[in-house]
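Reproduced below: target38.cif, with mmCIF, C-alpha atoms and all ligand atoms.
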data_run
loop_
_atom_site.label_atom_id
_atom_site.label_comp_id
_atom_site.auth_asym_id
_atom_site.auth_seq_id
_atom_site.Cartn_x
_atom_site.Cartn_y
_atom_site.Cartn_z
CA MET A 1 0.00 0.00 0.00
CA PRO A 2 1.45 3.43 -0.87
CA GLU A 3 2.52 5.59 2.05
CA ASN A 4 -0.01 8.37 1.35
CA VAL A 5 -2.93 5.92 1.55
CA GLN A 6 -1.80 4.78 5.01
CA GLN A 7 -1.73 8.39 6.19
CA ASP A 8 -5.28 8.93 4.96
CA ASN A 9 -6.43 5.87 6.83
CA CYS A 10 -4.81 6.87 10.08
CA CYS A 11 -6.30 10.36 10.08
CA SER A 12 -9.81 9.84 8.84
CA PRO A 13 -12.53 8.28 10.98
CA ASP A 14 -13.74 5.87 8.35
CA GLY A 15 -10.64 5.61 6.22
CA GLY A 16 -12.55 7.28 3.42
CA GLU A 17 -12.08 10.41 1.36
CA GLU A 18 -14.21 12.64 3.62
CA GLY A 19 -12.15 12.30 6.81
CA PHE A 20 -10.41 14.83 9.07
CA THR A 21 -7.64 15.40 6.55
CA HIS A 22 -10.03 17.48 4.44
CA GLU A 23 -11.38 19.67 7.28
CA LYS A 24 -10.23 23.27 7.49
CA ARG A 25 -7.40 23.66 9.98
CA LEU A 26 -8.35 25.67 13.12
CA GLY A 27 -6.79 29.11 13.47
CA TRP A 28 -5.14 30.00 16.79
CA HIS A 29 -8.06 32.12 18.02
CA GLU A 30 -10.59 29.39 17.24
CA TYR A 31 -8.28 26.80 18.77
CA PHE A 32 -7.95 28.56 22.13
CA MET A 33 -11.62 29.57 22.27
CA SER A 34 -12.62 25.99 21.52
CA VAL A 35 -10.41 24.85 24.42
CA ALA A 36 -12.13 27.43 26.64
CA HIS A 37 -15.53 26.04 25.65
CA LEU A 38 -14.39 22.51 26.43
CA ILE A 39 -13.09 23.62 29.84
CA SER A 40 -16.43 25.34 30.56
CA ARG A 41 -18.00 21.87 30.60
CA ARG A 42 -16.25 21.28 33.96
CA ALA A 43 -18.07 24.27 35.49
CA THR A 44 -20.47 23.57 38.34
CA CYS A 45 -22.47 26.75 38.95
CA THR A 46 -25.94 26.11 37.59
CA ARG A 47 -26.35 29.78 36.64
CA GLY A 48 -23.84 29.53 33.83
CA HIS A 49 -20.80 27.63 32.60
CA VAL A 50 -17.68 29.61 31.71
CA GLY A 51 -14.18 28.49 30.72
CA ALA A 52 -10.96 30.54 30.57
CA VAL A 53 -7.52 29.92 29.06
CA LEU A 54 -4.42 32.05 29.70
CA VAL A 55 -2.14 32.09 26.65
CA ARG A 56 1.24 33.55 25.75
CA ASP A 57 3.12 32.93 22.50
CA ASN A 58 0.43 30.45 21.40
CA ASN A 59 1.11 28.39 24.51
CA ILE A 60 -1.49 27.54 27.17
CA LEU A 61 -0.25 28.68 30.59
CA SER A 62 -3.27 27.96 32.76
CA THR A 63 -6.98 27.22 32.60
CA GLY A 64 -10.02 27.72 34.81
CA TYR A 65 -13.77 27.28 35.01
CA ASN A 66 -16.34 28.71 37.39
CA GLY A 67 -17.24 26.80 40.50
CA ALA A 68 -16.98 26.58 44.27
CA PRO A 69 -13.58 26.61 46.03
CA SER A 70 -11.81 23.24 46.08
CA GLY A 71 -13.36 20.77 48.48
CA LEU A 72 -16.49 22.82 49.12
CA PRO A 73 -19.97 21.86 47.92
CA HIS A 74 -20.63 22.84 44.32
CA CYS A 75 -23.84 24.53 43.19
CA ASN A 76 -24.86 21.49 41.18
CA GLU A 77 -24.68 19.42 44.39
CA THR A 78 -26.53 21.92 46.61
CA THR A 79 -28.04 25.12 45.21
CA CYS A 80 -26.74 28.46 44.03
CA LYS A 81 -26.74 31.12 46.75
CA ILE A 82 -27.81 34.28 45.02
CA TYR A 83 -27.03 37.79 46.17
CA ARG A 84 -28.13 41.03 44.53
CA SER A 85 -26.12 44.17 44.13
CA THR A 86 -26.89 47.51 42.54
CA HIS A 87 -24.50 48.89 39.95
CA PRO A 88 -23.83 52.67 40.01
CA ASP A 89 -26.01 53.05 36.89
CA GLY A 90 -28.94 51.63 38.88
CA THR A 91 -29.10 48.18 37.30
CA VAL A 92 -29.50 45.34 39.75
CA GLU A 93 -27.38 42.27 39.13
CA GLU A 94 -27.45 38.82 40.65
CA ASN A 95 -24.42 36.67 41.41
CA CYS A 96 -23.81 33.36 43.09
CA VAL A 97 -21.95 33.67 46.37
CA ASN A 98 -20.53 30.11 46.10
CA THR A 99 -18.72 30.67 42.85
CA ILE A 100 -15.24 31.75 41.83
CA HIS A 101 -15.26 32.98 38.25
CA ALA A 102 -13.33 31.10 35.54
CA GLU A 103 -10.70 33.76 34.87
CA ILE A 104 -9.88 34.09 38.58
CA ASN A 105 -9.54 30.31 38.85
CA ALA A 106 -7.14 30.33 35.88
CA ILE A 107 -5.03 32.97 37.64
CA ALA A 108 -5.20 31.03 40.93
CA GLN A 109 -4.02 27.84 39.20
CA ALA A 110 -1.08 29.69 37.68
CA ALA A 111 -0.14 31.17 41.07
CA LYS A 112 -0.48 27.82 42.81
CA HIS A 113 1.88 26.14 40.34
CA GLY A 114 4.31 29.03 39.96
CA VAL A 115 3.51 29.76 36.29
CA SER A 116 4.24 33.33 35.20
CA ILE A 117 1.28 34.88 33.38
CA LYS A 118 2.89 38.26 32.76
CA ASP A 119 1.95 39.69 29.33
CA ALA A 120 -0.46 36.83 28.68
CA ASP A 121 -3.74 37.08 26.80
CA ILE A 122 -6.91 35.38 27.97
CA TYR A 123 -9.67 33.52 26.13
CA ILE A 124 -12.98 33.39 28.02
CA THR A 125 -16.26 31.96 26.81
CA ALA A 126 -18.03 35.03 28.27
CA SER A 127 -16.78 38.61 28.65
CA PRO A 128 -15.43 39.29 32.15
CA CYS A 129 -17.49 40.89 34.91
CA ILE A 130 -16.15 44.15 36.30
CA HIS A 131 -14.56 42.43 39.32
CA CYS A 132 -12.61 39.96 37.19
CA LEU A 133 -11.62 42.70 34.74
CA LYS A 134 -9.97 44.63 37.59
CA VAL A 135 -7.86 41.59 38.42
CA LEU A 136 -7.03 40.97 34.74
CA ILE A 137 -5.80 44.56 34.49
CA ASN A 138 -3.46 44.03 37.42
CA VAL A 139 -2.18 40.75 35.97
CA GLY A 140 -1.11 42.76 32.92
CA ILE A 141 -3.45 41.13 30.41
CA LYS A 142 -3.29 43.07 27.14
CA THR A 143 -6.12 41.46 25.18
CA ILE A 144 -9.23 39.65 26.35
CA TYR A 145 -10.85 37.37 23.78
CA TYR A 146 -14.43 36.46 24.61
CA ASP A 147 -17.22 34.60 22.88
CA LYS A 148 -20.51 35.71 24.43
CA PRO A 149 -21.17 39.15 25.95
CA TYR A 150 -21.96 39.16 29.68
CA LYS A 151 -22.89 42.44 31.44
CA ILE A 152 -20.61 44.04 28.88
CA ASP A 153 -21.97 47.58 29.36
CA HIS A 154 -20.64 47.59 32.92
CA ILE A 155 -17.02 47.23 31.82
CA ALA A 156 -16.91 49.80 28.98
CA GLU A 157 -15.46 52.62 31.08
CA LEU A 158 -12.87 50.41 32.77
CA LEU A 159 -11.74 49.08 29.39
CA ARG A 160 -11.38 52.60 28.05
CA LEU A 161 -9.38 53.81 31.06
CA SER A 162 -7.14 50.74 31.22
CA GLY A 163 -6.43 50.31 27.51
CA VAL A 164 -7.13 46.57 27.71
CA LYS A 165 -8.54 45.34 24.39
CA LEU A 166 -11.72 43.26 24.27
CA VAL A 167 -12.10 41.18 21.10
CA GLN A 168 -14.97 38.85 20.25
CA ILE A 169 -14.07 35.42 18.87
CA HIS A 170 -17.15 33.34 18.22
CA VAL A 171 -16.83 29.63 17.63
CA GLU A 172 -19.62 27.17 16.91
CA MET A 173 -19.23 24.20 19.18
CA PRO A 174 -20.65 20.80 18.20
ZN ZN B 1 -23.91 28.90 41.74
ZN ZN B 2 -16.07 37.63 36.94
#

Could you render the structure as structure tokens?
Amino acid sequence: MPENVQQDNCCSPDGGEEGFTHEKRLGWHEYFMSVAHLISRRATCTRGHVGAVLVRDNNILSTGYNGAPSGLPHCNETTCKIYRSTHPDGTVEENCVNTIHAEINAIAQAAKHGVSIKDADIYITASPCIHCLKVLINVGIKTIYYDKPYKIDHIAELLRLSGVKLVQIHVEMP
């Protein structure tokens, strides 16, 4: 059997002509956002599932998803504990008191394992809340890639003042 036929067989699910070898190769942005979506499937807060990936030089430094602190009951095992707060513009928002957000967990994992995240970018399946954005600014994140907008009006002023870029990368997940 010729060598090229063996390669086709190894890379296509059915050994046929329409296998993976003919699919369009993922770009870097789609690649990291797809990883973030996959990570979001580990999330445990029933109010929403978010995944985050810290990246520098096309290399994954750390990942996180939203959920309760390690060893404590997760929302999907008990219930979400909701608190309400009023934003300065008068809008009332609800959050879950159990939950650490995905981007903060990615930063915590990096700190725990001694991984430098200076000058990294972050891919998050939802745009950051204002509290997480403040931490991302102090980490030195230059660009935040997000898929779905989340309370995005609340962070407009902070983005403008900080110079952090917010870029939407939408990927269709199977
Ligand atoms: Zn929750
Ligand atoms: Zn947040």

Checklist entry - Quick one: distance from atom CA of Ile100 of chain A to atom ZN of ligand ZN 2 (chain B) in Å, one decimal? => result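 Atom ZN of ligand ZN 2 (chain B) lies at a distance of 7.7 Å from atom CA of Ile100 of chain A.
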
Checklist entry - Within 6 Å of ligand ZN 1 (chain B), counting all atoms listed in the file, which protein or nucleic acid residues do you find, written as a list in words? => result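 Every residue with an atom at most 6 Å from ligand ZN 1 (chain B) is listed here: Cys45, Thr46, Arg47, Cys75, Cys80, Cys96, Asn98 and Thr99 of chain A.
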
Hey, can you spit out that residue selection with C-alpha atoms as an mmCIF file, in the frame of the given file?
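Listed below is the output, part-v3.cif:
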data_model
loop_
_atom_site.group_PDB
_atom_site.id
_atom_site.type_symbol
_atom_site.label_atom_id
_atom_site.label_comp_id
_atom_site.auth_asym_id
_atom_site.auth_seq_id
_atom_site.Cartn_x
_atom_site.Cartn_y
_atom_site.Cartn_z
ATOM 1 C CA CYS A 45 -22.470 26.750 38.950
ATOM 2 C CA THR A 46 -25.940 26.110 37.590
ATOM 3 C CA ARG A 47 -26.350 29.780 36.640
ATOM 4 C CA CYS A 75 -23.840 24.530 43.190
ATOM 5 C CA CYS A 80 -26.740 28.460 44.030
ATOM 6 C CA CYS A 96 -23.810 33.360 43.090
ATOM 7 C CA ASN A 98 -20.530 30.110 46.100
ATOM 8 C CA THR A 99 -18.720 30.670 42.850
#

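Considering all atoms listed in the file, every residue of the polymer chains approaching ligand ZN 2 (chain B) to 7 Å or closer is listed here: His101, Glu103, Pro128, Cys129, Ile130, His131 and Cys132 of chain A.
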
Keeping C-alpha atoms, export the residues of the selection given above as a JSON list (two decimals), in the coordinates of the input.
[["chain", "number", "residue", "atom", "x", "y", "z"],
["A", 101, "HIS", "CA", -15.26, 32.98, 38.25],
["A", 103, "GLU", "CA", -10.70, 33.76, 34.87],
["A", 128, "PRO", "CA", -15.43, 39.29, 32.15],
["A", 129, "CYS", "CA", -17.49, 40.89, 34.91],
["A", 130, "ILE", "CA", -16.15, 44.15, 36.30],
["A", 131, "HIS", "CA", -14.56, 42.43, 39.32],
["A", 132, "CYS", "CA", -12.61, 39.96, 37.19]]

Item to check | A:Asp153, A:Glu23, A:Glu93, A:Glu30 ranked by distance to Tyr123 of chain A, top pick (using all atoms listed in the file) | outcome: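 Looking at the shortest contact to Tyr123 of chain A, the residue is A:Glu30.
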
Checklist entry - At what distance in Å, to one decimal, does atom CA of Gly67 of chain A lie from atom CA of Pro174 of chain A? => result 23.3 Å

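Using all atoms listed in the file, the nearest neighbour of Gly114 of chain A within the list A:Leu61, A:Val167, A:Val35, A:Ala68 is A:Leu61.
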
Item to check | Distance in Å - atom CA of Glu77 of chain A versus atom CA of Ile122 of chain A | outcome: 29.0 Å

Checklist entry - Which residues, written as a PyMOL selection string, have at least one atom at most 9 Å from Val115 of chain A, with all atoms listed in the file counted and residues fewer than 3 positions away on the same chain left out? => result chain A and resi 61-62+109-112

Checklist entry - So, counting all atoms listed in the file, which residue among A:Asn138, A:Gly90, A:Ile82, A:Tyr146 is closest to Gly51 of chain A? => result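 That would be A:Tyr146, the residue with the smallest distance to Gly51 of chain A.
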
Next on the checklist: Calculated over only C-alpha atoms, which of the candidates A:Leu166, A:Ile124, A:Ile39, A:Val139 has the smallest distance to Ala108 of chain A?
Outcome noted: A:Val139

Checklist entry - With all atoms listed in the file as the basis for distance, which of A:Thr86, A:Ile117, A:Pro149, A:Ala102 is at the shortest distance from Asn66 of chain A? => result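 Between A:Thr86, A:Ile117, A:Pro149, A:Ala102, the residue approaching Asn66 of chain A most closely is A:Ala102.
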
Where is the centre and how long are the edges: axis-aligned box on segment 32-46 of chain A, 8 Å on each side, Å to one decimal, as AutoDock Vina command-line options:
--center_x -16.9 --center_y 25.4 --center_z 30.2 --size_x 34.0 --size_y 24.3 --size_z 33.4

Item to check | Nearest to Ala106 of chain A, chosen from A:Tyr145, A:Val53, A:Ser70, A:Ile60, with all atoms listed in the file counted in the distances | outcome: A:Val53

Checklist entry - Which residues, written as a list in words, have at least one atom at most 12 Å from Tyr31 of chain A, with only C-alpha atoms counted and residues fewer than 4 positions away on the same chain left out? => result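 Residues meeting the cut-off are Lys24, Arg25, Leu26, Gly27, Val35, Ala36, His37, Leu38, Val53, Val55, Asn58, Asn59, Ile60, Tyr123, Tyr145, Ile169, His170, Val171, Glu172 and Met173 of chain A.
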
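Neighbouring residues of Val92 of chain A at 12 Å or closer, counting all atoms listed in the file and skipping chain neighbours under 6 positions away, are Tyr83, Arg84, Ser85, Thr86, Lys151 and His154 of chain A.
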